[in-house]
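Source file my_file_8.txt; content: compact mmCIF, C-alpha atoms.
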# COMPACT_ATOMS: atom_id res chain seq x y z
CA MET U 3 23.97 -53.50 -5.90
CA ALA U 4 23.00 -55.52 -2.83
CA THR U 5 21.92 -53.67 0.26
CA ALA U 6 24.29 -53.97 3.20
CA PRO U 7 22.91 -56.01 6.12
CA PRO U 8 21.89 -54.13 9.24
CA PRO U 9 24.50 -53.78 11.98
CA ILE U 10 24.68 -56.73 14.32
CA ALA U 11 23.95 -54.42 17.25
CA SER U 12 20.45 -53.79 15.89
CA ALA U 13 19.44 -57.45 15.89
CA ALA U 14 17.33 -58.74 18.75
CA PRO U 15 19.44 -61.90 19.24
CA PHE U 16 22.54 -59.72 19.59
CA ALA U 17 20.87 -57.52 22.21
CA ASP U 18 19.55 -60.52 24.14
CA HIS U 19 22.96 -62.18 24.07
CA THR U 20 24.66 -59.02 25.34
CA ARG U 21 22.15 -58.53 28.16
CA HIS U 22 22.53 -62.18 29.14
CA GLN U 23 26.32 -61.96 29.08
CA VAL U 24 26.28 -58.92 31.35
CA ALA U 25 23.90 -60.63 33.78
CA VAL U 26 25.98 -63.82 33.91
CA ARG U 27 29.16 -61.85 34.48
CA LEU U 28 27.97 -59.42 37.16
CA LEU U 29 24.94 -60.76 39.03
CA PRO U 30 26.48 -63.89 40.63
CA PHE U 31 29.37 -61.82 41.92
CA VAL U 32 27.37 -58.91 43.39
CA PHE U 33 24.99 -61.55 44.79
CA ALA U 34 27.93 -63.11 46.64
CA LEU U 35 29.02 -59.67 47.87
CA TYR U 36 25.60 -58.98 49.34
CA ILE U 37 25.56 -62.35 51.10
CA THR U 38 28.75 -61.37 52.90
CA ASN U 39 27.15 -58.03 53.76
CA TYR U 40 24.13 -59.61 55.40
CA LEU U 41 26.19 -62.23 57.22
CA ASP U 42 27.00 -59.35 59.55
CA ARG U 43 23.30 -58.93 60.34
CA THR U 44 23.08 -62.68 60.98
CA SER U 45 26.12 -62.73 63.25
CA ALA U 46 24.84 -59.79 65.30
CA ALA U 47 21.35 -61.28 65.67
CA TYR U 48 22.52 -64.71 66.82
CA ALA U 49 25.53 -63.49 68.80
CA GLY U 50 23.03 -61.78 71.06
CA LEU U 51 22.02 -65.20 72.41
CA GLY U 52 25.56 -65.79 73.64
CA MET U 53 26.34 -62.21 74.64
CA SER U 54 23.31 -62.02 76.91
CA ARG U 55 24.49 -65.19 78.68
CA ASP U 56 28.23 -64.45 78.89
CA LEU U 57 28.26 -60.65 79.22
CA GLY U 58 24.89 -60.11 80.86
CA PHE U 59 23.59 -57.71 78.19
CA SER U 60 19.96 -56.71 78.72
CA ASP U 61 17.39 -56.47 75.93
CA VAL U 62 17.77 -52.67 75.94
CA GLN U 63 21.57 -52.85 75.71
CA PHE U 64 21.51 -55.39 72.91
CA GLY U 65 18.87 -53.43 70.98
CA LEU U 66 20.79 -50.18 71.49
CA GLY U 67 24.05 -51.76 70.31
CA ASN U 68 22.50 -53.06 67.12
CA GLY U 69 20.73 -49.77 66.57
CA ILE U 70 23.86 -47.64 67.02
CA PHE U 71 25.25 -49.29 63.90
CA PHE U 72 22.80 -47.23 61.85
CA LEU U 73 23.78 -43.83 63.23
CA SER U 74 27.10 -43.82 61.37
CA TYR U 75 25.61 -45.89 58.56
CA VAL U 76 23.10 -43.12 57.85
CA ALA U 77 25.66 -40.33 57.84
CA LEU U 78 27.67 -41.72 54.90
CA GLN U 79 24.88 -43.01 52.64
CA ILE U 80 24.78 -40.11 50.18
CA PRO U 81 28.58 -39.68 49.92
CA GLY U 82 28.93 -43.41 49.31
CA ALA U 83 26.38 -43.46 46.49
CA LEU U 84 27.86 -40.37 44.84
CA LEU U 85 31.38 -41.80 45.01
CA VAL U 86 30.23 -44.84 43.04
CA GLU U 87 28.64 -42.59 40.42
CA ARG U 88 31.40 -40.00 40.15
CA TRP U 89 34.55 -41.84 41.20
CA SER U 90 34.72 -45.63 40.90
CA ALA U 91 32.38 -48.45 41.85
CA ARG U 92 35.04 -51.12 42.07
CA ARG U 93 37.32 -48.99 44.27
CA MET U 94 34.50 -47.89 46.55
CA ILE U 95 32.95 -51.34 46.93
CA SER U 96 36.35 -52.99 47.46
CA ALA U 97 37.49 -50.56 50.15
CA THR U 98 34.14 -50.72 51.92
CA MET U 99 34.14 -54.51 52.11
CA ILE U 100 37.69 -54.86 53.38
CA ALA U 101 37.03 -52.27 56.10
CA TRP U 102 33.79 -53.83 57.33
CA GLY U 103 35.28 -57.35 57.27
CA CYS U 104 38.10 -56.27 59.55
CA LEU U 105 35.74 -54.48 61.92
CA THR U 106 33.30 -57.42 62.09
CA SER U 107 36.12 -59.74 63.13
CA LEU U 108 37.35 -57.24 65.74
CA THR U 109 33.88 -57.21 67.34
CA ALA U 110 34.87 -60.59 68.82
CA LEU U 111 37.03 -58.68 71.33
CA VAL U 112 34.23 -56.76 73.10
CA HIS U 113 33.56 -57.25 76.81
CA THR U 114 31.38 -54.30 77.84
CA PRO U 115 28.29 -52.58 76.44
CA ALA U 116 30.37 -49.47 75.65
CA GLN U 117 32.82 -51.55 73.60
CA PHE U 118 29.91 -53.19 71.77
CA TYR U 119 28.42 -49.77 70.98
CA LEU U 120 31.76 -48.51 69.63
CA ALA U 121 32.28 -51.63 67.52
CA ARG U 122 28.84 -51.35 65.96
CA PHE U 123 29.20 -47.60 65.35
CA THR U 124 32.48 -47.97 63.43
CA LEU U 125 31.10 -50.95 61.50
CA GLY U 126 28.13 -48.85 60.38
CA ALA U 127 30.47 -46.21 58.99
CA ALA U 128 32.42 -48.87 57.10
CA GLU U 129 29.32 -50.44 55.50
CA ALA U 130 27.52 -47.20 54.65
CA GLY U 131 28.44 -46.88 50.98
CA PHE U 132 27.92 -50.48 49.95
CA PHE U 133 24.18 -50.87 49.45
CA PRO U 134 23.35 -47.54 47.76
CA GLY U 135 26.55 -47.95 45.76
CA VAL U 136 25.53 -51.31 44.34
CA VAL U 137 21.98 -50.10 43.58
CA VAL U 138 23.49 -47.24 41.57
CA TYR U 139 26.08 -49.55 40.01
CA LEU U 140 23.37 -51.84 38.62
CA THR U 141 21.94 -48.88 36.70
CA HIS U 142 25.31 -48.67 34.87
CA TRP U 143 24.72 -52.13 33.39
CA PHE U 144 21.06 -53.11 33.24
CA VAL U 145 18.46 -51.59 30.93
CA ARG U 146 15.08 -50.65 32.34
CA LYS U 147 13.29 -53.85 31.32
CA ASP U 148 15.86 -55.92 33.23
CA ARG U 149 16.34 -53.73 36.27
CA CYS U 150 13.84 -55.25 38.71
CA LYS U 151 14.90 -58.79 37.80
CA ALA U 152 18.54 -57.82 38.29
CA THR U 153 17.85 -56.07 41.58
CA SER U 154 15.70 -58.94 42.87
CA LYS U 155 18.45 -61.43 42.04
CA PHE U 156 20.97 -59.23 43.82
CA MET U 157 18.71 -58.74 46.85
CA ALA U 158 17.80 -62.41 47.00
CA ALA U 159 21.13 -62.57 48.81
CA ILE U 160 19.31 -61.17 51.87
CA PRO U 161 17.17 -64.25 52.56
CA LEU U 162 19.88 -66.62 51.30
CA SER U 163 22.41 -65.12 53.71
CA PHE U 164 20.02 -65.90 56.57
CA MET U 165 19.27 -69.34 55.16
CA ILE U 166 23.00 -70.05 55.26
CA GLY U 167 23.94 -67.87 58.19
CA SER U 168 21.22 -68.88 60.67
CA PRO U 169 22.10 -72.60 60.90
CA LEU U 170 25.81 -71.80 60.67
CA ALA U 171 25.56 -69.19 63.42
CA GLY U 172 23.58 -71.55 65.64
CA TRP U 173 26.19 -74.28 65.13
CA ILE U 174 29.14 -71.97 65.88
CA LEU U 175 27.40 -70.65 69.01
CA GLY U 176 27.20 -74.18 70.33
CA HIS U 177 30.98 -74.66 70.22
CA ARG U 178 33.78 -73.35 72.41
CA TRP U 179 37.20 -73.69 70.82
CA PHE U 180 40.40 -72.91 72.76
CA HIS U 181 38.27 -71.75 75.70
CA ILE U 182 36.81 -68.93 73.57
CA GLN U 183 33.02 -68.51 73.52
CA GLY U 184 31.14 -69.42 70.34
CA TRP U 185 29.74 -65.93 69.76
CA ARG U 186 33.28 -64.55 69.62
CA TRP U 187 34.20 -67.12 66.97
CA LEU U 188 31.03 -66.13 65.12
CA PHE U 189 32.16 -62.51 64.74
CA ALA U 190 35.77 -63.44 63.99
CA LEU U 191 34.93 -65.94 61.24
CA GLU U 192 32.09 -64.06 59.52
CA GLY U 193 34.28 -61.03 58.87
CA LEU U 194 36.74 -63.01 56.76
CA PRO U 195 34.59 -63.47 53.60
CA ALA U 196 34.14 -59.69 53.28
CA ILE U 197 37.91 -59.17 53.33
CA VAL U 198 38.47 -61.81 50.63
CA PHE U 199 35.62 -60.68 48.36
CA GLY U 200 36.59 -57.04 48.80
CA ALA U 201 40.04 -57.76 47.43
CA VAL U 202 38.61 -59.75 44.50
CA ALA U 203 36.07 -57.00 43.70
CA PHE U 204 38.84 -54.53 42.94
CA PHE U 205 40.01 -56.66 40.01
CA PHE U 206 36.71 -58.25 38.94
CA LEU U 207 34.24 -55.34 38.72
CA THR U 208 34.13 -52.92 35.79
CA ASP U 209 32.79 -49.42 36.32
CA TRP U 210 31.19 -48.75 32.91
CA PRO U 211 30.28 -50.74 29.77
CA ARG U 212 32.84 -48.94 27.60
CA GLN U 213 35.58 -50.17 29.97
CA ALA U 214 34.50 -53.82 29.77
CA HIS U 215 37.20 -55.73 27.93
CA TRP U 216 35.18 -58.92 28.52
CA LEU U 217 32.59 -57.61 26.00
CA ALA U 218 33.15 -57.33 22.27
CA PRO U 219 33.58 -53.73 20.98
CA GLU U 220 30.13 -53.70 19.35
CA GLN U 221 28.59 -55.03 22.59
CA ARG U 222 30.22 -52.28 24.63
CA GLU U 223 28.92 -49.68 22.22
CA TRP U 224 25.40 -51.11 22.18
CA MET U 225 25.20 -51.21 25.99
CA ALA U 226 26.43 -47.63 26.33
CA GLN U 227 24.03 -46.34 23.67
CA LYS U 228 21.04 -48.23 25.07
CA LEU U 229 21.61 -46.93 28.59
CA GLU U 230 22.10 -43.40 27.25
CA GLU U 231 18.79 -43.60 25.35
CA GLU U 232 16.96 -44.57 28.55
CA LYS U 233 18.20 -41.63 30.57
CA PRO U 234 15.50 -39.11 31.53
CA SER U 235 15.02 -36.39 28.95
CA ALA U 236 16.04 -32.80 29.64
CA ALA U 237 12.47 -32.02 30.65
CA ARG U 238 12.62 -34.75 33.25
CA ALA U 239 16.15 -34.11 34.46
CA VAL U 240 16.61 -32.65 37.92
CA SER U 241 19.74 -31.84 39.86
CA SER U 242 20.93 -33.82 42.88
CA ARG U 243 19.82 -31.01 45.18
CA GLN U 244 16.35 -30.82 43.60
CA ALA U 245 16.00 -34.59 43.86
CA LEU U 246 16.82 -34.60 47.58
CA PHE U 247 13.98 -32.19 48.38
CA SER U 248 11.44 -33.38 45.82
CA PRO U 249 8.04 -34.66 47.03
CA MET U 250 8.69 -38.05 45.47
CA VAL U 251 11.97 -38.59 47.32
CA LEU U 252 10.52 -37.34 50.61
CA VAL U 253 7.60 -39.77 50.36
CA LEU U 254 9.87 -42.67 49.39
CA ALA U 255 12.22 -41.85 52.26
CA GLY U 256 9.35 -41.77 54.75
CA LEU U 257 7.91 -45.10 53.72
CA THR U 258 11.39 -46.63 53.72
CA PHE U 259 11.78 -45.56 57.34
CA LEU U 260 8.53 -47.31 58.22
CA GLN U 261 9.45 -50.51 56.38
CA TYR U 262 12.98 -50.65 57.79
CA PHE U 263 11.58 -50.01 61.27
CA ALA U 264 9.68 -53.29 61.09
CA ALA U 265 12.21 -55.26 59.05
CA TYR U 266 15.27 -54.61 61.20
CA ALA U 267 13.39 -55.19 64.45
CA ILE U 268 12.41 -58.64 63.18
CA ILE U 269 15.89 -59.42 61.81
CA PHE U 270 17.59 -58.73 65.13
CA TRP U 271 14.90 -60.06 67.49
CA MET U 272 13.47 -63.12 65.74
CA PRO U 273 16.19 -65.51 67.04
CA THR U 274 15.60 -64.29 70.60
CA MET U 275 11.82 -64.66 70.28
CA LEU U 276 12.14 -68.17 68.86
CA LYS U 277 14.60 -69.14 71.59
CA ARG U 278 12.41 -67.92 74.43
CA GLN U 279 9.26 -69.54 73.09
CA SER U 280 10.78 -72.89 72.21
CA GLY U 281 13.62 -73.37 74.67
CA PHE U 282 15.50 -75.16 71.88
CA SER U 283 19.27 -75.27 71.60
CA ASP U 284 21.05 -72.46 69.74
CA ALA U 285 21.76 -74.80 66.82
CA ARG U 286 18.11 -75.82 66.51
CA VAL U 287 16.94 -72.22 66.75
CA GLY U 288 19.34 -71.44 63.90
CA LEU U 289 17.79 -74.14 61.72
CA ILE U 290 14.22 -73.04 62.47
CA GLY U 291 15.15 -69.39 61.96
CA ALA U 292 16.23 -70.16 58.39
CA ILE U 293 12.74 -71.27 57.30
CA PRO U 294 11.16 -67.78 56.95
CA TYR U 295 14.06 -66.74 54.74
CA VAL U 296 13.47 -69.67 52.38
CA VAL U 297 9.97 -68.28 51.88
CA LEU U 298 11.35 -64.77 51.40
CA PHE U 299 13.89 -65.99 48.83
CA ILE U 300 11.13 -67.44 46.64
CA ALA U 301 8.84 -64.43 47.14
CA MET U 302 11.56 -61.92 46.26
CA LEU U 303 12.53 -63.62 42.99
CA PHE U 304 8.91 -64.07 41.93
CA ASN U 305 7.95 -60.50 42.81
CA GLY U 306 10.82 -58.99 40.82
CA TRP U 307 10.12 -61.21 37.81
CA HIS U 308 6.40 -60.47 37.84
CA SER U 309 6.92 -56.71 38.25
CA ASP U 310 9.17 -56.57 35.17
CA ARG U 311 6.75 -58.74 33.22
CA SER U 312 3.74 -56.57 34.05
CA GLY U 313 5.58 -53.25 34.13
CA GLU U 314 3.82 -52.36 37.41
CA ARG U 315 5.88 -51.18 40.40
CA HIS U 316 3.82 -49.66 43.22
CA TRP U 317 1.42 -52.50 44.06
CA HIS U 318 4.23 -55.05 43.71
CA ALA U 319 6.08 -53.08 46.39
CA ALA U 320 3.03 -52.61 48.64
CA VAL U 321 1.51 -56.11 48.77
CA PRO U 322 4.47 -57.72 50.61
CA LEU U 323 4.14 -55.06 53.30
CA PHE U 324 0.44 -55.82 53.81
CA ILE U 325 1.14 -59.58 54.03
CA SER U 326 3.80 -58.87 56.64
CA ALA U 327 1.40 -56.75 58.69
CA ILE U 328 -1.11 -59.63 58.81
CA GLY U 329 1.59 -61.96 60.12
CA LEU U 330 2.67 -59.45 62.78
CA LEU U 331 -0.89 -58.93 64.01
CA ALA U 332 -1.35 -62.70 64.28
CA LEU U 333 1.85 -62.96 66.34
CA VAL U 334 0.42 -60.48 68.86
CA GLY U 335 -1.80 -63.36 70.01
CA ARG U 336 1.34 -65.32 71.00
CA PRO U 337 0.50 -68.66 69.35
CA HIS U 338 1.63 -71.68 71.37
CA SER U 339 2.38 -73.84 68.34
CA MET U 340 5.94 -73.50 67.03
CA VAL U 341 4.75 -74.59 63.59
CA LEU U 342 2.25 -71.72 63.49
CA THR U 343 4.80 -69.29 64.90
CA VAL U 344 7.33 -70.14 62.17
CA ALA U 345 4.58 -69.88 59.52
CA LEU U 346 3.66 -66.40 60.78
CA PHE U 347 7.29 -65.31 60.87
CA SER U 348 7.49 -66.49 57.25
CA MET U 349 4.64 -64.13 56.40
CA VAL U 350 6.39 -61.34 58.29
CA SER U 351 9.66 -61.92 56.43
CA ILE U 352 7.94 -61.34 53.07
CA ASN U 353 8.05 -57.58 53.75
CA THR U 354 11.58 -57.53 52.33
CA ALA U 355 10.27 -58.77 48.95
CA TYR U 356 9.26 -55.15 48.33
CA LEU U 357 12.88 -53.98 48.06
CA PRO U 358 13.88 -54.78 44.45
CA ILE U 359 10.71 -53.23 43.05
CA PHE U 360 10.94 -50.22 45.32
CA TRP U 361 14.53 -49.38 44.36
CA ALA U 362 13.66 -49.43 40.66
CA ILE U 363 11.38 -46.41 41.12
CA PRO U 364 13.92 -43.58 41.73
CA THR U 365 16.46 -45.00 39.27
CA GLU U 366 13.83 -45.06 36.49
CA LEU U 367 12.67 -41.49 37.06
CA LEU U 368 15.87 -39.56 37.71
CA THR U 369 19.14 -38.84 35.95
CA ALA U 370 22.29 -40.64 37.09
CA SER U 371 23.64 -38.17 39.65
CA ALA U 372 20.17 -37.29 40.92
CA ALA U 373 19.30 -40.98 41.25
CA ALA U 374 22.53 -41.62 43.17
CA ALA U 375 21.76 -38.78 45.59
CA ALA U 376 18.13 -39.93 45.92
CA VAL U 377 19.07 -43.56 46.60
CA GLY U 378 21.57 -42.43 49.23
CA ALA U 379 19.09 -40.06 50.85
CA ILE U 380 16.20 -42.55 50.86
CA ASN U 381 18.35 -45.31 52.32
CA ALA U 382 19.84 -42.88 54.84
CA VAL U 383 16.44 -41.81 56.17
CA GLY U 384 15.23 -45.39 56.11
CA SER U 385 18.31 -46.61 57.93
CA ILE U 386 17.56 -44.34 60.88
CA ALA U 387 14.88 -46.92 61.53
CA GLY U 388 17.65 -49.51 61.71
CA PHE U 389 18.54 -47.79 64.98
CA ALA U 390 15.00 -46.97 66.09
CA GLY U 391 13.38 -50.34 65.29
CA PRO U 392 15.60 -52.77 67.26
CA TYR U 393 15.98 -50.32 70.15
CA ALA U 394 12.27 -49.48 70.43
CA PHE U 395 11.32 -53.15 70.20
CA GLY U 396 13.75 -54.06 73.00
CA TYR U 397 12.57 -51.12 75.10
CA LEU U 398 8.90 -52.10 74.74
CA ALA U 399 9.72 -55.72 75.57
CA THR U 400 11.57 -54.65 78.71
CA ARG U 401 8.84 -52.25 79.87
CA THR U 402 5.88 -54.56 79.17
CA GLY U 403 7.47 -57.95 79.75
CA SER U 404 6.12 -59.12 76.39
CA PHE U 405 6.82 -58.82 72.68
CA ALA U 406 3.12 -58.29 71.88
CA VAL U 407 3.07 -54.48 72.02
CA GLY U 408 6.17 -54.29 69.85
CA MET U 409 4.57 -56.60 67.28
CA ALA U 410 1.50 -54.38 67.10
CA VAL U 411 3.67 -51.30 66.52
CA LEU U 412 5.56 -53.08 63.74
CA ALA U 413 2.28 -54.10 62.10
CA LEU U 414 1.07 -50.48 62.03
CA SER U 415 4.41 -49.42 60.58
CA SER U 416 4.13 -51.97 57.77
CA VAL U 417 0.56 -50.97 56.89
CA ALA U 418 1.52 -47.29 56.78
CA ALA U 419 4.51 -48.04 54.52
CA GLY U 420 2.29 -50.03 52.16
CA LEU U 421 -0.28 -47.24 51.90
CA LEU U 422 2.44 -44.67 51.22
CA ILE U 423 3.95 -46.66 48.37
CA VAL U 424 0.50 -47.03 46.77
CA TRP U 425 -0.08 -43.28 47.05
CA SER U 426 3.46 -42.20 46.10
CA PRO U 427 4.01 -40.14 42.92
CA ARG U 428 4.14 -42.11 39.67
CA ARG U 429 4.99 -39.30 37.26
CA VAL U 430 8.06 -37.17 36.98
CA ARG U 431 6.04 -33.97 36.93
CA ASN U 432 5.40 -34.55 40.62
CA LEU U 433 9.11 -34.30 41.39
CA SER U 434 9.19 -30.60 41.85

Rewrite the structure from the file as structure tokens, please.
Amino acid sequence: MATAPPPIASAAPFADHTRHQVAVRLLPFVFALYITNYLDRTSAAYAGLGMSRDLGFSDVQFGLGNGIFFLSYVALQIPGALLVERWSARRMISATMIAWGCLTSLTALVHTPAQFYLARFTLGAAEAGFFPGVVVYLTHWFVRKDRCKATSKFMAAIPLSFMIGSPLAGWILGHRWFHIQGWRWLFALEGLPAIVFGAVAFFFLTDWPRQAHWLAPEQREWMAQKLEEEKPSAARAVSSRQALFSPMVLVLAGLTFLQYFAAYAIIFWMPTMLKRQSGFSDARVGLIGAIPYVVLFIAMLFNGWHSDRSGERHWHAAVPLFISAIGLLALVGRPHSMVLTVALFSMVSINTAYLPIFWAIPTELLTASAAAAAVGAINAVGSIAGFAGPYAFGYLATRTGSFAVGMAVLALSSVAAGLLIVWSPRRVRNLS
């Protein structure tokens, strides 16, 4: 009697086809969602050029307003990540996007620093659950060998949003429709995509492989089994509470604070620095400001691909931080050439290429609920720097009359973050 053929789910072509189908279905959409998320960062950074002119905001006020966003953002990180894991990703992501889209558009109505602070604070609360939620959501769908590539493709939306948003923001700033300033139009218009995509996400996303009617039954079963096999064993499993206070999570949270401190200061202040050095129009500053993010886009995709290919995580996360520190130190010298300045800002922007590799580390070492809590906690601690970085940079610029001291502080922060990721725990036994 002939031997029955092996199940289709055991064949490599079947597995490859299933993984590819999942990637094609989910990655373009979550990529688009993250672009809309970072359009808010773009609008805030470039709106500052118009707000300082029309409302008389000082560097300290503008830095404080952008920093206040992260106070409420931090507070809801862990609840947001856990809701995705224990409740529903599509519901959580959808509600979050619709709320932040409405609040971004309403920021167009501010007239005073206090109103700006309130608008940014409420927006931070609305956005809090999105990023850690999506990081956790990707672990529902992508096996370990694909996780850095998937995360890098998702996070490539960061540079692409600036590549699109910087020239667009500069162009909008240069126009005044119906006697309304360009920066107000910038906030009003850039909130609309989040509202639209948030509504679509509710119907498009699927929480778990076994609920995916767009996969064949055997594909759903294979995905669920494969992800179950890759979960940490009982010996490696830790509770959410243990994960939050483990040495690994504390180290990762600390280095995330240092990296975010530098990254967010640059995101919010680069347009202002380019404007003051060059004297170019807002539209031209927007075009020039997109160049570093083209470099980051390429670096992020390559770094994620190479990390998965080699299986190495820590050095792939650290090297972009060291490259960024070199660029920051060179900018302390205040180069007079705009070509050199943009090249150095391109080096600085590469720090964000560490993100997709970095976020693979806790999700590969911890069980689902513990990983969700850890991702939320790490991003929460790191996001405190989203307040501290822009505010401290503006404060130092105001006190010293120069951006040089702030650049030196950011360089030290990047070097320290890189050293911490190299020295961070690599084995689960160091978790407790």

9 Å contact set for Ser283 (chain U), all atoms listed in the file, chain neighbours under 5 positions out, as an mmCIF file with C-alpha atoms, in the coordinates of the input:
data_model
loop_
_atom_site.group_PDB
_atom_site.id
_atom_site.type_symbol
_atom_site.label_atom_id
_atom_site.label_comp_id
_atom_site.auth_asym_id
_atom_site.auth_seq_id
_atom_site.Cartn_x
_atom_site.Cartn_y
_atom_site.Cartn_z
ATOM 1 C CA GLY U 172 23.580 -71.550 65.640
ATOM 2 C CA GLY U 176 27.200 -74.180 70.330
ATOM 3 C CA LYS U 277 14.600 -69.140 71.590
ATOM 4 C CA GLY U 288 19.340 -71.440 63.900
#

List the spatial neighbours of Ala218 (chain U) as a list in words - criterion: any atom at most 12 Å away, all atoms listed in the file, same-chain residues fewer than 4 positions off excluded. Ile10, Ala11, Phe16, His19, Thr20, Gln23, Val24, Pro211, Arg212, Gln213, Ala214, Arg222, Glu223, Trp224 and Met225 of chain U

So that I can see what lies close to Val296 (chain U), please list as a PyMOL selection string the residues with an atom at most 7 Å from it, counting all atoms listed in the file and leaving out residues fewer than 4 positions away in the same chain. chain U and resi 161+165+292+300

What would the file look like if the residues just selected were written as a PDB file, keeping the file's coordinate frame with C-alpha atoms?
ATOM      1  CA  PRO U 161      17.170 -64.250  52.560  1.00  0.00           C
ATOM      2  CA  MET U 165      19.270 -69.340  55.160  1.00  0.00           C
ATOM      3  CA  ALA U 292      16.230 -70.160  58.390  1.00  0.00           C
ATOM      4  CA  ILE U 300      11.130 -67.440  46.640  1.00  0.00           C
TER       5      ILE U 300
END

Point (28.2, -61.9, 55.2), cut-off 7 Å, counting all atoms listed in the file, residues as an MDAnalysis selection string: chainID U and resid 37:42 163 192 195:196

For each of U:Phe31, U:Tyr356, U:Phe64, U:Phe347, take the minimum atom-to-atom distance to Gln117 (chain U), counting all atoms listed in the file, then give the residue where this is smallest.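 That would be U:Phe64, the residue with the smallest distance to Gln117 (chain U).
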
Selected residue of minimal separation from Ile100 (chain U) among U:Ala47, U:Ala265, U:Leu35, U:Ala355, counting all atoms listed in the file: U:Leu35

What separation in Å, quoted to one decimal, exists between CA of Ala91 (chain U) and CA of Gly135 (chain U)?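 CA of Gly135 (chain U) lies 7.0 Å from CA of Ala91 (chain U).
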
Interatomic distance (Å, one decimal) between CA of Pro115 (chain U) and CA of Ser60 (chain U):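 Interatomic distance, CA of Pro115 (chain U) to CA of Ser60 (chain U): 9.6 Å.
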
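The two atoms in question, CA of Leu330 (chain U) and CA of Phe72 (chain U), are spaced 23.6 Å apart.
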
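Nearest to Ile386 (chain U) of all the residues U:Leu333, U:Ala203, U:Ala77, U:Ala345 is U:Ala77, counting only C-alpha atoms.
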
Write out as a CSV table (one decimal) with C-alpha atoms, in the frame of the given file the residues lying within 8 Å of Ala46 (chain U), counting only C-alpha atoms and excluding same-chain residues fewer than 4 positions away.
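See part_29.csv below for the written result:
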chain,number,residue,atom,x,y,z
U,42,ASP,CA,27.0,-59.4,59.6
U,50,GLY,CA,23.0,-61.8,71.1
U,68,ASN,CA,22.5,-53.1,67.1
U,189,PHE,CA,32.2,-62.5,64.7
U,270,PHE,CA,17.6,-58.7,65.1

Rank U:Ala332, U:Ala226, U:Leu162, U:Val383 by their smallest atom-to-atom distance to Leu78 (chain U), using all atoms listed in the file, and report the top residue only. U:Val383

Contacts of region 313-316 of chain U at 6 Å (all atoms listed in the file; same-chain gap of 4+ positions) as number ranges by chain: U: 309, 359, 423-424

Calculated over only C-alpha atoms, which of the candidates U:Tyr48, U:Tyr139, U:Phe123, U:Trp216 has the smallest distance to Pro273 (chain U)?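 Between U:Tyr48, U:Tyr139, U:Phe123, U:Trp216, the residue approaching Pro273 (chain U) most closely is U:Tyr48.
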
Residue among U:Ala418, U:Pro169, U:Leu57, U:Ala379 lying closest to Met250 (chain U), counting all atoms listed in the file: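 For Met250 (chain U), the nearest of the given residues is U:Ala379.
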
Within 10 Å of (17.8, -48.0, 53.1), in the coordinates the file gives, what residues turn up when you count all atoms listed in the file, written out as a PyMOL selection string? chain U and resi 75-76+79+130+133-134+255+258-259+261-262+357+361+377-388

Completed region 351-358 of chain U (N, CA, C and O atoms) as an mmCIF file, keeping the file's coordinate frame:
data_model
loop_
_atom_site.group_PDB
_atom_site.id
_atom_site.type_symbol
_atom_site.label_atom_id
_atom_site.label_comp_id
_atom_site.auth_asym_id
_atom_site.auth_seq_id
_atom_site.Cartn_x
_atom_site.Cartn_y
_atom_site.Cartn_z
ATOM 1 N N SER U 351 8.402 -62.100 57.171
ATOM 2 C CA SER U 351 9.660 -61.920 56.430
ATOM 3 C C SER U 351 9.423 -61.456 54.995
ATOM 4 O O SER U 351 10.311 -60.852 54.377
ATOM 5 N N ILE U 352 8.238 -61.699 54.455
ATOM 6 C CA ILE U 352 7.940 -61.340 53.070
ATOM 7 C C ILE U 352 7.996 -59.832 52.852
ATOM 8 O O ILE U 352 8.114 -59.365 51.714
ATOM 9 N N ASN U 353 7.984 -59.044 53.935
ATOM 10 C CA ASN U 353 8.050 -57.580 53.750
ATOM 11 C C ASN U 353 9.271 -57.169 52.931
ATOM 12 O O ASN U 353 9.221 -56.208 52.168
ATOM 13 N N THR U 354 10.347 -57.905 53.039
ATOM 14 C CA THR U 354 11.580 -57.530 52.330
ATOM 15 C C THR U 354 11.482 -57.798 50.838
ATOM 16 O O THR U 354 12.304 -57.302 50.064
ATOM 17 N N ALA U 355 10.461 -58.537 50.386
ATOM 18 C CA ALA U 355 10.270 -58.770 48.950
ATOM 19 C C ALA U 355 9.874 -57.493 48.217
ATOM 20 O O ALA U 355 9.832 -57.459 46.986
ATOM 21 N N TYR U 356 9.594 -56.433 48.966
ATOM 22 C CA TYR U 356 9.260 -55.150 48.330
ATOM 23 C C TYR U 356 10.501 -54.443 47.795
ATOM 24 O O TYR U 356 10.422 -53.593 46.909
ATOM 25 N N LEU U 357 11.677 -54.772 48.315
ATOM 26 C CA LEU U 357 12.880 -53.980 48.060
ATOM 27 C C LEU U 357 13.275 -53.856 46.587
ATOM 28 O O LEU U 357 13.512 -52.742 46.111
ATOM 29 N N PRO U 358 13.403 -54.958 45.823
ATOM 30 C CA PRO U 358 13.880 -54.780 44.450
ATOM 31 C C PRO U 358 12.952 -53.955 43.578
ATOM 32 O O PRO U 358 13.418 -53.229 42.691
#
